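*Asks:* Sharing a structure here in structure tokens format.
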Amino acid sequence: MKPTVGITASVETVTSGAWTERTAGVPFTYVRAVQRAGGRAVVLVPDPADAVEPDGALDLLDGLVVSGAAGDVDPARYGEPVHPETAPVQAPRDDYEAALVRGAQERGLPVLGVCRGMQLINVARGGTLEQHLADVLEADIHRGPPGRFIDHKVRLEPGSLAARAVGADAVTVKSYHHQGVRQLGQGLRATGWANGDGIVEAIEDPGRRFLLGVQWHPEEDEASRLIAALVEEAGR
């Protein structure tokens, strides 16, 4: 049987044809990556009831992808005011995803956080974020022109979950983000770093079989093994 993998959605104003309306969804590249790996993709729309009690949603799943779609994690969650460059936050989405991550951990479900999803996992564990990397870096290799991913190299800790999932200790990744991990959340370890500036690119919980966050976008690279590793673990 196919493992069912939930992918968290954002809610945004989208124009399609003659209509402009609020829409819940994820980039289709996430769906295709799960399907290519033999999984069944289910889009998870923020639900206030599930943010309080996520078991009903988690009962449907064998694995969870916390997506990196638009918007930033609300800095109020780690006790900071909003930086001028912080994108519009979606507090209901933050609440929903944090509840899903906590519930998935309790059940032992595999979890993969992508870009914003990695940041959400870190904040949900009590960590903090650098709200605008350009403020602290001499040269920003993490975000290209609007709407275009930039490639850069990442080194991974040998033997880490990140390295095993990728299948190598170094990888060239597709990146588009302006925030990053500052202080790690409780129980998390950094196991990946950007070449050159050392920004954290992968975090994981060594006490769990599969709780991994990556700062890049594996769904945009058909050669990436990362989402397939999540689907394989979900199948177990």
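In the structure tokens, chains take letters A, B, ... by order of appearance, with residues numbered from 1 within each chain and ligands from 1 in the order shown.
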Neighbours of Val34 (chain A) within 12 Å (only C-alpha atoms; same-chain residues fewer than 2 positions away dropped), as an NGL selection string?

*Replies:* :A and (2-7 or 28-32 or 36-43 or 63-65 or 112 or 218-220 or 222 or 224-232 or 234-235)

*Asks:* The selected residues should be written to file as an mmCIF file, in the first residue's frame (atoms: C-alpha atoms).

*Replies:*
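Below you can see out_0.cif, which holds the result:
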```
data_model
loop_
_atom_site.group_PDB
_atom_site.id
_atom_site.type_symbol
_atom_site.label_atom_id
_atom_site.label_comp_id
_atom_site.auth_asym_id
_atom_site.auth_seq_id
_atom_site.Cartn_x
_atom_site.Cartn_y
_atom_site.Cartn_z
ATOM 1 C CA LYS A 2 1.123 3.547 -0.689
ATOM 2 C CA PRO A 3 2.165 5.535 2.371
ATOM 3 C CA THR A 4 0.091 8.688 2.819
ATOM 4 C CA VAL A 5 2.171 11.833 3.244
ATOM 5 C CA GLY A 6 0.575 15.098 4.342
ATOM 6 C CA ILE A 7 1.941 18.363 2.946
ATOM 7 C CA PHE A 28 2.716 21.092 -7.204
ATOM 8 C CA THR A 29 6.416 20.183 -7.104
ATOM 9 C CA TYR A 30 5.852 18.858 -3.555
ATOM 10 C CA VAL A 31 3.007 16.644 -4.733
ATOM 11 C CA ARG A 32 4.989 15.276 -7.661
ATOM 12 C CA ARG A 36 7.484 9.940 -7.757
ATOM 13 C CA ALA A 37 8.666 8.291 -4.550
ATOM 14 C CA GLY A 38 5.601 6.045 -4.443
ATOM 15 C CA GLY A 39 3.603 7.972 -1.868
ATOM 16 C CA ARG A 40 0.076 9.375 -1.797
ATOM 17 C CA ALA A 41 0.149 13.147 -1.324
ATOM 18 C CA VAL A 42 -2.523 14.821 0.822
ATOM 19 C CA VAL A 43 -2.689 18.608 1.152
ATOM 20 C CA GLY A 63 4.424 10.945 7.226
ATOM 21 C CA LEU A 64 4.440 14.738 7.272
ATOM 22 C CA VAL A 65 6.090 17.416 5.130
ATOM 23 C CA LEU A 112 10.485 16.674 7.034
ATOM 24 C CA PRO A 218 14.494 19.428 -2.496
ATOM 25 C CA GLU A 219 11.060 19.359 -4.171
ATOM 26 C CA GLU A 220 12.476 21.580 -6.937
ATOM 27 C CA GLU A 222 14.034 15.853 -9.428
ATOM 28 C CA SER A 224 17.091 14.888 -4.950
ATOM 29 C CA ARG A 225 16.586 11.794 -2.762
ATOM 30 C CA LEU A 226 15.374 13.722 0.289
ATOM 31 C CA ILE A 227 11.609 13.517 -0.105
ATOM 32 C CA ALA A 228 11.948 9.926 -1.288
ATOM 33 C CA ALA A 229 13.754 9.172 1.994
ATOM 34 C CA LEU A 230 10.785 10.609 3.908
ATOM 35 C CA VAL A 231 8.332 8.554 1.851
ATOM 36 C CA GLU A 232 10.376 5.378 2.350
ATOM 37 C CA ALA A 234 6.647 6.601 6.045
ATOM 38 C CA GLY A 235 6.193 3.275 4.251
#
```

*Asks:* Please list as a list in words every residue within 7 Å of region 119-136 of chain A, counting only C-alpha atoms and excluding residues in the same chain fewer than 4 positions away.

*Replies:* Val73, Tyr78, His83, Glu85, Thr86, Ala98, Gly113, Cys115, Asp140, His178, Gln179, Gly180, Val181, Arg182, Gln183, Leu184, Gly185 and Gln186 of chain A

*Asks:* Quick one: residues within 8 Å of region 204-207 of chain A, only C-alpha atoms counted, chain neighbours fewer than 3 positions away excluded, as a list in words?

*Replies:*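 Result of the neighbour search: Leu161, Ala162, Gly187, Leu188, Arg189, Ala190, Thr191, Phe210, Leu211, Leu212 and Gly213 of chain A.
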
*Asks:* Could you turn the residues from that selection into a file that holds C-alpha atoms, as a PDB file, in the first residue's frame?

*Replies:*
```pdb
ATOM      1  CA  LEU A 161      20.157  11.680   9.082  1.00  0.00           C
ATOM      2  CA  ALA A 162      20.544  14.590   6.663  1.00  0.00           C
ATOM      3  CA  GLY A 187      16.873  18.627  21.497  1.00  0.00           C
ATOM      4  CA  LEU A 188      17.842  19.682  17.954  1.00  0.00           C
ATOM      5  CA  ARG A 189      21.274  19.452  16.356  1.00  0.00           C
ATOM      6  CA  ALA A 190      22.636  21.299  13.361  1.00  0.00           C
ATOM      7  CA  THR A 191      23.935  18.771  10.825  1.00  0.00           C
ATOM      8  CA  PHE A 210      13.163  10.774  11.269  1.00  0.00           C
ATOM      9  CA  LEU A 211      12.728  14.391  12.324  1.00  0.00           C
ATOM     10  CA  LEU A 212      14.637  16.489   9.821  1.00  0.00           C
ATOM     11  CA  GLY A 213      14.557  20.064   8.596  1.00  0.00           C
TER      12      GLY A 213
END
```

*Asks:* Restricting the calculation to only C-alpha atoms, which member of A:Pro158, A:Pro54, A:Gly198, A:Gly147 is positioned closest to Asp95 (chain A)?

*Replies:*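 Going through A:Pro158, A:Pro54, A:Gly198, A:Gly147 one by one, the smallest distance to Asp95 (chain A) is for A:Pro54.
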
*Asks:* What gap, in Å, lies between CA of Ala202 (chain A) and CA of Val26 (chain A)?

*Replies:* 21.7 Å

*Asks:* Excluding Val154 (chain A) and any residue of its chain fewer than 6 positions from it, enumerate the residues within 6 Å of it, using only C-alpha atoms, and give them as number ranges by chain.

*Replies:* A: 170-171, 193-195

*Asks:* Based on the selection just made, write N, CA and C atoms of those residues as a JSON list (two decimals), in the first residue's frame.

*Replies:*
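Generated output (part-v4.json):
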```
[["chain", "number", "residue", "atom", "x", "y", "z"],
["A", 170, "ALA", "N", 27.97, 16.12, 0.95],
["A", 170, "ALA", "CA", 27.96, 17.46, 0.36],
["A", 170, "ALA", "C", 26.96, 17.45, -0.78],
["A", 171, "VAL", "N", 26.29, 18.58, -0.97],
["A", 171, "VAL", "CA", 25.24, 18.63, -1.98],
["A", 171, "VAL", "C", 25.09, 20.07, -2.46],
["A", 193, "TRP", "N", 25.47, 22.83, 6.91],
["A", 193, "TRP", "CA", 25.87, 24.23, 6.92],
["A", 193, "TRP", "C", 26.19, 24.67, 5.49],
["A", 194, "ALA", "N", 25.87, 25.92, 5.19],
["A", 194, "ALA", "CA", 26.19, 26.47, 3.88],
["A", 194, "ALA", "C", 27.69, 26.70, 3.76],
["A", 195, "ASN", "N", 28.26, 26.29, 2.64],
["A", 195, "ASN", "CA", 29.66, 26.59, 2.38],
["A", 195, "ASN", "C", 29.84, 28.11, 2.33]]
```

*Asks:* From the set A:Ala33, A:Gly71, A:Val114, A:Tyr96, which residue has the shortest atom-to-atom contact distance to Asp47 (chain A), counting only C-alpha atoms?

*Replies:* A:Tyr96

*Asks:* Report the distance between CA of Arg148 (chain A) and CA of Pro92 (chain A) in Å, rounded to one decimal place.

*Replies:*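 These two atoms are separated by 27.5 Å.
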
*Asks:* Running DSSP on the backbone, which parts of region 40-127 of chain A land in alpha helix (DSSP H), as an MDAnalysis selection string?

*Replies:* chainID A and resid 48:52 55:58 91:107 116:124

*Asks:* Using only C-alpha atoms, pick whichever of A:Leu156, A:Val101, A:Ile150, A:Val89 has the shortest atom-to-atom distance to Val66 (chain A).

*Replies:*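 When distances to Val66 (chain A) are compared using only C-alpha atoms, the smallest one comes from A:Val101.
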
*Asks:* From the DSSP assignment of the backbone, select every residue of region 35-169 of chain A that is strand (DSSP E or B), and format the answer as a ChimeraX atom specification.

*Replies:* /A:40-44,63-66,72,89,111-114,129-130,150-156

*Asks:* Give the answer as one residue: which of A:His217, A:Thr13, A:Asp72, A:Leu58 has the shortest atom-to-atom distance to Pro110 (chain A), using only C-alpha atoms?

*Replies:* A:Leu58

*Asks:* Which of these, A:Ile203, A:Ala87, A:Leu137, A:Val173, has the shortest distance to Ser160 (chain A) once you count only C-alpha atoms?

*Replies:*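 Answer, going by the shortest atom-to-atom distance: A:Ile203.
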
*Asks:* Between A:Ala91, A:Ala163, A:Leu109, A:Ala69, which one has atoms that come closest to Pro46 (chain A), using only C-alpha atoms?

*Replies:*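 Nearest to Pro46 (chain A): A:Ala91.
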
*Asks:* Would you work out the distance separating CA of Gly117 (chain A) from CA of Gly68 (chain A), expressed in Å to one decimal?

*Replies:*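 Going from CA of Gly117 (chain A) over to CA of Gly68 (chain A), I get 5.3 Å.
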